[in-house]
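So this block is input_37.txt, compact mmCIF, C-alpha atoms and all ligand atoms:
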```
# COMPACT_ATOMS: atom_id res chain seq x y z
CA MET M 1 127.93 59.05 146.97
CA LEU M 2 124.24 59.85 146.51
CA TYR M 3 124.89 59.70 142.76
CA TYR M 4 125.67 55.97 142.99
CA LEU M 5 122.92 55.15 145.46
CA LEU M 6 120.17 56.94 143.53
CA TYR M 7 121.32 56.03 140.03
CA GLN M 8 121.54 52.33 140.96
CA LEU M 9 117.82 52.50 141.81
CA HIS M 10 116.87 53.68 138.30
CA GLY M 11 116.00 50.04 137.44
CA LYS M 12 113.25 50.17 140.04
CA ILE M 13 112.41 53.90 139.87
CA SER M 14 112.86 55.02 136.25
CA ALA M 15 112.82 58.71 137.25
CA PHE M 16 116.21 58.16 138.91
CA ASN M 17 117.72 57.70 135.47
CA VAL M 18 118.07 61.48 135.54
CA PHE M 19 121.05 61.14 137.90
CA ARG M 20 123.18 59.92 135.02
CA TYR M 21 123.09 63.42 133.52
CA ILE M 22 126.01 65.69 134.43
CA THR M 23 123.89 68.82 133.92
CA PHE M 24 121.27 67.61 136.41
CA ARG M 25 123.91 66.76 138.99
CA ALA M 26 125.62 70.13 138.43
CA VAL M 27 122.34 71.89 139.27
CA LEU M 28 122.04 69.72 142.39
CA GLY M 29 125.63 70.75 143.22
CA ILE M 30 124.72 74.45 142.97
CA LEU M 31 121.58 74.09 145.08
CA SER M 32 123.15 71.91 147.80
CA ALA M 33 126.16 74.25 148.03
CA LEU M 34 123.78 77.20 148.46
CA ILE M 35 121.85 75.40 151.21
CA ILE M 36 125.05 74.50 153.06
CA SER M 37 126.29 78.11 152.74
CA PHE M 38 123.10 79.65 154.07
CA ILE M 39 122.98 77.22 157.00
CA LEU M 40 126.68 77.33 157.92
CA THR M 41 127.75 80.94 157.28
CA PRO M 42 125.58 82.74 159.88
CA TYR M 43 126.75 80.23 162.50
CA VAL M 44 130.41 80.72 161.50
CA ILE M 45 130.07 84.54 161.59
CA ARG M 46 128.65 84.36 165.12
CA LYS M 47 131.32 81.95 166.29
CA PHE M 48 134.21 83.82 164.62
CA HIS M 49 133.07 87.03 166.34
CA GLU M 50 133.05 85.18 169.65
CA TRP M 51 136.49 83.67 168.98
CA LYS M 52 137.76 87.07 167.69
CA ILE M 53 138.80 85.58 164.34
CA ARG M 54 138.95 89.01 162.75
CA SER M 55 140.77 90.52 159.85
CA GLY M 56 142.46 93.26 161.83
CA LYS M 57 143.73 96.40 160.06
CA ARG M 58 146.96 96.73 158.20
CA GLU M 59 148.84 99.99 158.68
CA ASP M 60 149.23 100.58 154.99
CA VAL M 61 145.57 100.56 153.97
CA PRO M 62 143.34 103.55 153.18
CA ASP M 63 141.55 104.83 156.29
CA ARG M 64 138.20 103.59 155.03
CA HIS M 65 139.33 100.12 156.06
CA GLU M 66 139.49 101.12 159.71
CA ALA M 67 135.93 99.90 160.36
CA LYS M 68 136.71 96.57 158.74
CA LYS M 69 139.14 95.39 161.38
CA GLU M 70 136.24 93.84 163.34
CA THR M 71 135.06 91.79 160.35
CA PRO M 72 135.60 88.02 160.76
CA THR M 73 137.88 86.39 158.20
CA MET M 74 138.67 82.81 157.08
CA GLY M 75 135.23 82.53 155.49
CA GLY M 76 137.00 80.47 152.84
CA PHE M 77 136.57 77.58 155.27
CA VAL M 78 132.82 77.65 154.56
CA ILE M 79 133.38 77.97 150.80
CA LEU M 80 135.57 74.84 150.88
CA ILE M 81 132.99 72.82 152.85
CA ALA M 82 130.13 74.04 150.63
CA THR M 83 132.14 73.04 147.54
CA VAL M 84 133.57 69.68 148.61
CA ILE M 85 130.50 68.14 150.28
CA PRO M 86 128.13 68.64 147.27
CA THR M 87 130.93 67.35 145.00
CA LEU M 88 131.24 64.20 147.13
CA LEU M 89 127.46 63.82 147.03
CA TRP M 90 126.75 64.36 143.32
CA ALA M 91 129.99 63.73 141.37
CA ASP M 92 131.24 60.40 140.07
CA LEU M 93 133.94 59.71 142.67
CA THR M 94 135.74 57.25 140.42
CA ASN M 95 136.65 60.26 138.26
CA TYR M 96 140.39 61.01 138.59
CA TYR M 97 140.13 64.73 137.82
CA ILE M 98 137.56 65.30 140.58
CA TRP M 99 140.16 64.20 143.15
CA VAL M 100 142.91 66.28 141.55
CA VAL M 101 140.82 69.47 141.92
CA ILE M 102 139.72 68.54 145.45
CA PHE M 103 143.41 68.06 146.33
CA SER M 104 144.10 71.50 144.82
CA LEU M 105 141.30 73.14 146.84
CA VAL M 106 142.28 71.50 150.13
CA SER M 107 146.09 71.80 149.82
CA PHE M 108 146.01 75.53 148.96
CA GLY M 109 143.22 76.04 151.48
CA LEU M 110 145.60 74.59 154.08
CA ILE M 111 148.32 77.07 153.11
CA GLY M 112 145.82 79.90 153.42
CA PHE M 113 144.56 78.54 156.74
CA MET M 114 148.11 78.47 158.12
CA ASP M 115 148.60 82.07 156.94
CA ASP M 116 145.31 83.27 158.41
CA VAL M 117 145.94 81.58 161.76
CA LYS M 118 149.48 83.05 161.93
CA LYS M 119 148.06 86.53 161.19
CA LEU M 120 145.50 86.13 163.96
CA ARG M 121 148.02 84.83 166.47
CA GLY M 122 150.92 86.98 165.26
CA ILE M 123 151.94 90.09 167.15
CA ASN M 124 152.12 92.33 164.11
CA GLY M 125 149.27 90.64 162.21
CA LYS M 126 151.75 89.19 159.75
CA GLY M 127 151.13 85.73 158.34
CA ILE M 128 153.63 83.06 157.38
CA THR M 129 156.68 84.42 155.55
CA GLY M 130 156.37 85.03 151.81
CA ARG M 131 159.13 82.49 151.24
CA THR M 132 157.30 79.76 153.20
CA LYS M 133 154.00 80.53 151.47
CA LEU M 134 155.57 80.47 147.99
CA SER M 135 157.56 77.28 148.73
CA LEU M 136 154.40 75.45 149.82
CA GLN M 137 152.49 76.79 146.81
CA LEU M 138 155.20 75.60 144.41
CA LEU M 139 155.37 72.20 146.12
CA PHE M 140 151.62 71.57 145.96
CA ALA M 141 151.39 73.02 142.43
CA ALA M 142 154.16 70.63 141.31
CA CYS M 143 152.26 67.71 142.83
CA ILE M 144 149.10 68.77 140.98
CA GLY M 145 151.07 69.25 137.76
CA ALA M 146 152.52 65.75 138.11
CA MET M 147 149.07 64.27 138.80
CA ILE M 148 147.81 65.83 135.57
CA PHE M 149 150.91 65.18 133.43
CA PHE M 150 151.30 61.50 134.39
CA LYS M 151 147.60 60.75 133.87
CA TYR M 152 147.63 58.23 131.05
CA GLY M 153 147.02 59.85 127.67
CA PHE M 154 147.16 63.48 128.84
CA ASN M 155 147.79 65.67 125.79
CA THR M 156 150.67 68.11 126.38
CA GLN M 157 149.86 70.34 123.41
CA LEU M 158 149.05 73.96 124.37
CA THR M 159 145.84 75.40 122.92
CA ILE M 160 145.78 79.11 122.06
CA PRO M 161 142.41 80.89 121.63
CA PHE M 162 141.65 82.17 118.12
CA PHE M 163 144.57 80.13 116.70
CA LYS M 164 143.15 76.63 116.31
CA THR M 165 146.06 75.18 114.34
CA LEU M 166 148.81 76.55 116.59
CA LEU M 167 149.35 73.63 119.03
CA PRO M 168 152.90 73.71 120.45
CA ASP M 169 153.70 70.49 122.34
CA LEU M 170 155.23 71.40 125.70
CA GLY M 171 156.05 67.84 126.70
CA VAL M 172 157.37 67.66 130.29
CA PHE M 173 157.40 71.47 130.43
CA TYR M 174 153.66 71.22 130.83
CA ILE M 175 154.38 70.64 134.51
CA ALA M 176 156.20 74.01 134.64
CA LEU M 177 153.14 75.62 133.03
CA CYS M 178 150.91 73.98 135.66
CA ILE M 179 153.08 75.32 138.47
CA PHE M 180 153.08 78.82 137.01
CA MET M 181 149.31 78.83 136.41
CA ILE M 182 148.33 77.36 139.78
CA ALA M 183 150.69 79.35 142.03
CA GLY M 184 150.18 82.51 139.95
CA THR M 185 146.37 82.40 139.97
CA SER M 186 146.30 81.55 143.66
CA ASN M 187 148.32 84.67 144.47
CA ALA M 188 146.40 86.79 141.96
CA VAL M 189 143.06 86.03 143.64
CA ASN M 190 144.70 86.74 146.98
CA LEU M 191 145.86 90.18 145.84
CA THR M 192 142.41 90.94 144.41
CA ASP M 193 140.66 90.13 147.68
CA GLY M 194 140.94 93.65 149.09
CA LEU M 195 137.38 95.07 148.84
CA ASP M 196 133.95 93.63 149.72
CA GLY M 197 132.95 91.20 146.97
CA LEU M 198 135.87 92.15 144.74
CA ALA M 199 137.46 88.69 144.54
CA ILE M 200 134.39 86.45 144.71
CA GLY M 201 132.67 88.27 141.84
CA PRO M 202 135.26 87.37 139.20
CA VAL M 203 135.56 83.89 140.75
CA LEU M 204 131.87 83.42 139.99
CA THR M 205 132.15 84.58 136.37
CA VAL M 206 135.23 82.40 135.76
CA CYS M 207 133.57 79.44 137.49
CA THR M 208 130.46 79.81 135.30
CA THR M 209 132.63 79.98 132.17
CA PHE M 210 134.53 76.85 133.22
CA MET M 211 131.33 75.01 134.10
CA ILE M 212 130.25 75.40 130.48
CA PHE M 213 133.70 74.58 129.07
CA CYS M 214 134.14 71.48 131.27
CA TYR M 215 130.87 70.12 129.91
CA LEU M 216 131.82 70.84 126.27
CA VAL M 217 135.44 69.62 126.58
CA GLY M 218 134.28 66.41 128.26
CA ASN M 219 131.75 65.68 125.50
CA ALA M 220 133.22 63.98 122.41
CA ILE M 221 130.53 65.28 120.06
CA PHE M 222 130.49 68.91 121.21
CA SER M 223 134.30 69.11 121.43
CA GLN M 224 134.68 67.77 117.90
CA TYR M 225 132.03 70.18 116.52
CA LEU M 226 133.66 73.15 118.30
CA GLN M 227 137.15 71.91 117.35
CA ILE M 228 138.43 72.00 120.93
CA PHE M 229 140.40 69.25 122.65
CA PHE M 230 138.31 66.38 123.99
CA VAL M 231 139.46 65.49 127.50
CA LYS M 232 137.84 62.20 128.56
CA GLY M 233 136.43 62.51 132.08
CA ALA M 234 136.66 66.32 132.23
CA GLY M 235 132.88 66.60 131.94
CA GLU M 236 132.50 65.46 135.55
CA LEU M 237 134.22 68.71 136.64
CA THR M 238 131.00 70.46 135.60
CA VAL M 239 129.50 69.15 138.85
CA LEU M 240 132.43 70.48 140.91
CA CYS M 241 132.21 73.87 139.17
CA GLY M 242 128.50 73.92 139.98
CA ALA M 243 129.22 73.27 143.65
CA MET M 244 131.93 75.99 143.65
CA LEU M 245 129.49 78.39 141.97
CA GLY M 246 126.82 77.72 144.59
CA ALA M 247 129.33 78.06 147.41
CA GLY M 248 130.61 81.34 145.95
CA ILE M 249 127.10 82.78 145.55
CA GLY M 250 126.33 81.79 149.13
CA PHE M 251 129.53 83.48 150.33
CA LEU M 252 128.79 86.64 148.29
CA TRP M 253 125.48 86.96 150.15
CA TYR M 254 127.55 87.75 153.27
CA ASN M 255 130.62 89.29 151.63
CA ALA M 256 128.63 91.94 149.76
CA HIS M 257 129.29 95.47 151.09
CA PRO M 258 129.31 96.03 154.02
CA ALA M 259 130.90 92.58 154.35
CA GLU M 260 129.98 90.43 157.34
CA LEU M 261 132.75 87.97 156.50
CA PHE M 262 136.02 87.91 154.52
CA MET M 263 137.20 84.76 152.77
CA GLY M 264 140.76 85.03 154.13
CA ASP M 265 143.76 83.45 152.45
CA THR M 266 141.97 80.17 153.17
CA GLY M 267 139.49 81.12 150.49
CA SER M 268 141.51 83.21 148.05
CA LEU M 269 144.44 80.80 147.70
CA SER M 270 142.24 77.70 147.35
CA LEU M 271 139.79 79.21 144.85
CA GLY M 272 142.61 80.56 142.68
CA ALA M 273 144.45 77.24 142.69
CA ALA M 274 141.28 75.26 141.91
CA LEU M 275 140.33 77.48 138.95
CA ALA M 276 143.85 77.17 137.52
CA THR M 277 143.86 73.39 138.04
CA ILE M 278 140.57 73.12 136.12
CA ALA M 279 141.96 75.36 133.35
CA VAL M 280 144.98 73.07 132.93
CA ILE M 281 142.91 69.86 132.99
CA ILE M 282 140.50 71.10 130.28
CA LYS M 283 143.47 72.56 128.33
CA GLN M 284 142.11 76.10 128.42
CA GLU M 285 144.92 77.99 130.16
CA PHE M 286 144.53 81.11 128.05
CA LEU M 287 140.79 81.02 128.73
CA LEU M 288 141.63 81.64 132.40
CA VAL M 289 143.83 84.59 131.43
CA ILE M 290 140.90 86.10 129.47
CA ALA M 291 138.01 85.28 131.82
CA GLY M 292 140.18 85.98 134.89
CA GLY M 293 141.39 89.27 133.43
CA ILE M 294 140.61 91.15 136.66
CA PHE M 295 143.04 88.90 138.52
CA VAL M 296 145.64 89.53 135.81
CA LEU M 297 145.03 93.31 136.00
CA GLU M 298 145.41 93.36 139.78
CA THR M 299 148.65 91.37 139.65
CA LEU M 300 150.12 93.38 136.77
CA SER M 301 149.37 96.62 138.64
CA VAL M 302 151.53 95.40 141.52
CA ILE M 303 154.35 94.23 139.25
CA ILE M 304 154.32 97.52 137.28
CA GLN M 305 154.22 99.55 140.51
CA VAL M 306 157.11 97.66 142.13
CA TYR M 307 159.40 97.76 139.07
CA SER M 308 158.53 101.37 138.26
CA PHE M 309 159.47 102.38 141.80
CA LYS M 310 162.64 100.28 141.72
CA LEU M 311 163.79 101.48 138.31
CA ARG M 312 162.46 105.08 138.20
CA GLY M 313 161.82 105.86 141.86
CA LYS M 314 158.26 106.77 140.88
CA ARG M 315 154.89 105.06 141.30
CA VAL M 316 152.52 104.53 138.36
CA PHE M 317 149.45 104.07 140.56
CA ARG M 318 148.51 105.97 143.71
CA MET M 319 148.62 102.56 145.39
CA ALA M 320 148.69 98.99 144.09
CA PRO M 321 146.83 96.69 143.69
CA ILE M 322 144.78 98.85 141.34
CA HIS M 323 141.57 98.74 143.40
CA HIS M 324 143.34 100.88 146.04
CA HIS M 325 144.35 103.33 143.30
CA PHE M 326 140.68 103.96 142.55
CA GLU M 327 139.90 104.19 146.27
CA LEU M 328 142.49 106.94 146.63
CA LYS M 329 141.02 108.64 143.56
CA GLY M 330 137.80 108.99 145.58
CA TRP M 331 135.70 106.21 144.03
CA ASN M 332 133.60 104.54 146.70
CA GLU M 333 134.02 100.84 147.39
CA GLU M 334 130.76 99.67 145.83
CA LYS M 335 131.43 101.56 142.61
CA ILE M 336 134.88 100.00 142.23
CA VAL M 337 133.56 96.50 142.94
CA VAL M 338 130.52 96.67 140.64
CA ARG M 339 132.62 98.12 137.80
CA PHE M 340 135.15 95.30 138.23
CA TRP M 341 132.25 92.81 138.16
CA ILE M 342 130.98 94.35 134.91
CA ILE M 343 134.44 93.99 133.38
CA SER M 344 134.52 90.36 134.56
CA VAL M 345 131.20 89.59 132.87
CA ILE M 346 132.41 91.18 129.62
CA LEU M 347 135.65 89.14 129.82
CA ALA M 348 133.65 85.94 130.42
CA LEU M 349 131.59 86.68 127.29
CA ILE M 350 134.80 87.24 125.30
CA ALA M 351 136.13 83.93 126.68
CA MET M 352 132.94 82.18 125.57
CA SER M 353 133.32 83.71 122.11
CA THR M 354 136.60 81.80 121.65
CA LEU M 355 134.44 78.72 121.12
CA LYS M 356 133.30 80.07 117.76
CA LEU M 357 135.89 82.69 116.79
CA ARG M 358 138.95 80.80 115.54
C1 LIG K 1 146.14 90.45 150.27
N1 LIG K 1 144.57 91.43 151.73
C2 LIG K 1 143.74 92.58 152.04
C3 LIG K 1 141.06 89.52 154.16
C4 LIG K 1 141.02 88.80 152.83
C5 LIG K 1 153.51 92.58 147.57
C6 LIG K 1 152.25 93.29 147.93
C7 LIG K 1 151.48 93.68 146.71
C8 LIG K 1 151.41 92.37 148.84
C9 LIG K 1 150.09 92.97 149.16
C10 LIG K 1 149.35 92.19 150.24
O1 LIG K 1 149.84 92.04 151.30
N2 LIG K 1 148.14 91.77 149.93
C11 LIG K 1 147.38 90.98 150.94
C12 LIG K 1 145.10 91.47 150.38
C13 LIG K 1 143.04 92.43 153.38
O2 LIG K 1 142.16 91.32 153.23
C14 LIG K 1 142.42 90.21 154.05
O3 LIG K 1 143.28 89.34 153.31
C15 LIG K 1 142.44 88.29 152.77
C16 LIG K 1 142.86 87.99 151.34
N3 LIG K 1 144.23 87.63 151.32
O4 LIG K 1 140.08 87.76 152.83
O5 LIG K 1 141.05 88.60 155.22
C17 LIG K 1 142.21 93.69 153.66
O6 LIG K 1 141.38 93.93 152.52
C18 LIG K 1 140.13 94.43 152.93
N4 LIG K 1 139.06 93.53 152.45
C19 LIG K 1 137.80 94.05 152.32
N5 LIG K 1 136.79 93.22 151.88
C20 LIG K 1 136.99 91.91 151.56
O7 LIG K 1 136.03 91.20 151.17
O8 LIG K 1 137.56 95.21 152.60
C21 LIG K 1 139.32 92.23 152.13
C22 LIG K 1 138.31 91.40 151.68
C23 LIG K 1 141.23 93.48 154.80
C24 LIG K 1 140.15 94.51 154.46
O9 LIG K 1 140.60 95.78 154.88
O10 LIG K 1 141.88 93.71 156.03
C25 LIG K 1 144.66 93.78 152.08
O11 LIG K 1 144.41 94.71 151.33
O12 LIG K 1 145.62 93.66 152.87
N6 LIG K 1 150.26 94.32 149.64
C26 LIG K 1 149.42 95.18 149.28
O13 LIG K 1 148.48 94.91 148.60
C27 LIG K 1 149.64 96.61 149.76
N7 LIG K 1 150.08 97.38 148.65
C28 LIG K 1 151.28 97.95 148.64
O14 LIG K 1 152.02 97.87 149.58
N8 LIG K 1 151.56 98.56 147.48
C29 LIG K 1 152.87 99.17 147.27
C30 LIG K 1 153.78 98.22 146.46
C31 LIG K 1 154.12 97.00 147.30
C32 LIG K 1 153.06 97.70 145.24
C33 LIG K 1 152.67 100.46 146.47
O15 LIG K 1 151.54 100.65 145.90
O16 LIG K 1 153.63 101.21 146.37
C34 LIG K 1 148.30 97.01 150.21
N9 LIG K 1 148.18 96.37 151.47
C35 LIG K 1 147.05 96.59 152.06
N10 LIG K 1 146.25 97.51 151.59
N11 LIG K 1 146.77 95.85 153.13
C36 LIG K 1 148.04 98.43 150.20
C37 LIG K 1 146.61 98.53 150.65
```

Whole structure, structure tokens version:
Amino acid sequence: MLYYLLYQLHGKISAFNVFRYITFRAVLGILSALIISFILTPYVIRKFHEWKIRSGKREDVPDRHEAKKETPTMGGFVILIATVIPTLLWADLTNYYIWVVIFSLVSFGLIGFMDDVKKLRGINGKGITGRTKLSLQLLFAACIGAMIFFKYGFNTQLTIPFFKTLLPDLGVFYIALCIFMIAGTSNAVNLTDGLDGLAIGPVLTVCTTFMIFCYLVGNAIFSQYLQIFFVKGAGELTVLCGAMLGAGIGFLWYNAHPAELFMGDTGSLSLGAALATIAVIIKQEFLLVIAGGIFVLETLSVIIQVYSFKLRGKRVFRMAPIHHHFELKGWNEEKIVVRFWIISVILALIAMSTLKLR
């Protein structure tokens, strides 16, 4: 909204011409998301303590999590507000893709909210059933896939990093890819969110990577020079990524160990779905697999563990997801989290290298 108001005044105040630049508005998105986070989060922490909106302790977690049962959860609610409001302020709201990603954030945030509330109200701390959660995820992911697929002129060719000329056209199956990416990433971030700062760290590195890619993919000149698909209108998502980055940094300030707030499924499901939605829109699905490698590792560790136990009766890891394996090996929480962050930064750099290495 402010984008229109202020840019319209550039005829009278020439300095306001700067609001036409996506990069400038992305920086405003980061800063305003940070301000909202730092104002809102302390209030929410106080209130959630009062209202006893706490994570509680699951029976099957390492003992070190005992102290965490008093920590408030559902902090994802603040991340969503601190992402959406700056986007509404600084993004071009006539941009179709902005609304698709906002729908993704809010719809999956709603699923997470329902799960968090059920856990809080439930007798055994269990959320909504896995079947209900997955059904809602598939439904909303299909809606998002349809919104992207039926957008006039959307290119259904799949891009594969390092293989520029390999462009298989998926046609209507692109919707199936959307569903897989969005529901899969949403659950992957959810699984990863098991230690202080463990999920939000990789979200920040992936978000930063996508902020750069959205700008390049949405720019006809840069995309042609880098030989990546040009997606008209995708550049505006740079502003949304900036807001998400600011909101995530603001959340990390309170989620860093010892965490004062957890994001809850409200945060993990929505952030995962939004990152996957952006990846599909800018036609960089494999980029998400590379940059989001920690999420892939966490999910694979669970799949390997479950099938190894089913087929061989033996576990591969001491406990899955893999961050609990390292906990049971005696690594302390901060060491696990910082090492996973380092891996995320390295993976983001590798993802960036796909721009030149082809
Ligand atoms: C999501 N939730 C955290 C917090 C956070 C199929 C199976 C793999 C499912 C999986 C599962 O249920 N995962 C749930 C992880 C929980 O965090 C809450 O949940 C939100 C995210 N969804 O925002 O509200 C606990 O994690 C800790 N935490 C922090 N700091 C944070 O910033 O310390 C979270 C955020 C919090 C807090 O203690 O309470 C969680 O871990 O539950 N199940 C599992 O992951 C279980 N693994 C398992 O059963 N492995 C088996 C088989 C199935 C693979 C095996 O290895 O043989 C683990 N469940 C739990 N912990 N709870 C085992 C360890």

- Let me have all residues with an atom within 8 Å of ligand LIG 1 (chain K), counting only C-alpha atoms and all ligand atoms, laid out as a ChimeraX atom specification. /M:54-62,65-66,68-69,72-76,116,189-199,255-257,259,261-269,299,301-303,305-306,309,315,317-321,324

- Task: Could you check how far atom CA of Ala26 of chain M sits from atom CA of Ser104 of chain M, in Å to one decimal?
- Result: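 That distance, rounded to one decimal, is 19.6 Å.
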
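Distances from M:Trp253, M:Met1, M:His10, M:Thr83 to Thr41 of chain M were compared using only C-alpha atoms, and the smallest one belongs to M:Trp253.
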
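For the atom pair formed by atom CA of Gly184 of chain M and atom CA of Leu275 of chain M, the distance is 11.1 Å, given to one decimal.
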
- Message: If we draw a sphere of 12 Å around (151.3, 84.3, 157.4), which residues have at least one atom in it when counting all atoms listed in the file? Please report them as a PyMOL selection string.
- Response: chain M and resi 110-134+264-266

- List the residues sitting within 7 Å of (130.8, 72.8, 146.4) in the file's frame, using all atoms listed in the file, as a PyMOL selection string. chain M and resi 29+33+80-87+240+242-244+246-247

- Nearest residue to Leu105 of chain M from the set M:Cys214, M:Ile182, M:Ile148, M:Ile304 (distances using all atoms listed in the file):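 Result for the nearest residue to Leu105 of chain M: M:Ile182.
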
- Figure out the distance between atom CA of Tyr254 of chain M and atom CA of Ala276 of chain M, please, to one decimal in Å.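 Taking atom CA of Ala276 of chain M as the start and atom CA of Tyr254 of chain M as the end point, the length is 25.0 Å.
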
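Considering the residues M:Ile102, M:Leu347, M:Ser107, M:Leu355 and counting all atoms listed in the file, Val217 of chain M has its shortest atom-to-atom contact with M:Leu355.
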
Counting only C-alpha atoms, which residues of segment 177-292 of chain M fall within 9 Å of segment 155-163 of chain M, and what is the closest atom pair for each with its distance in Å at one decimal, ordered by chain and rising number, as a tab-separated table?
```
residue	atom	partner	partner_atom	distance
M:Ile228	CA	M:Thr159	CA	8.4
M:Phe229	CA	M:Thr159	CA	8.2
M:Val231	CA	M:Asn155	CA	8.5
M:Lys283	CA	M:Thr159	CA	6.6
M:Gln284	CA	M:Thr159	CA	6.7
M:Glu285	CA	M:Thr159	CA	7.7
M:Phe286	CA	M:Ile160	CA	6.4
M:Leu287	CA	M:Pro161	CA	7.3
```

- Item | Polymer residues at most 9 Å from segment 17-19 of chain M, all atoms listed in the file, same-chain spacing of 2 or more positions, as a list in words |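 Within the cut-off, the hits are Tyr3, Tyr4, Leu6, Tyr7, Gln8, Leu9, His10, Gly11, Ile13, Ser14, Ala15, Tyr21, Ile22, Phe24, Arg25 and Trp90 of chain M.
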
- Task: Find the residue from M:Gly109, M:Pro42, M:Gly201, M:Gly145 that sits nearest to Ile175 of chain M; use all atoms listed in the file when measuring.
- Result: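 Ranked by minimum distance to Ile175 of chain M, first place goes to M:Gly145.
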
- For Gly153 of chain M, which residue among M:Gly313, M:Leu31, M:Ile346, M:Lys232 is the nearest when counting all atoms listed in the file?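 Looking only at the distances to Gly153 of chain M, the closest residue turns out to be M:Lys232.
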
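Shortest separation to Phe326 of chain M among M:Phe340, M:Arg20, M:Ile290, M:Val206 occurs at residue M:Phe340, atoms counted being all atoms listed in the file.
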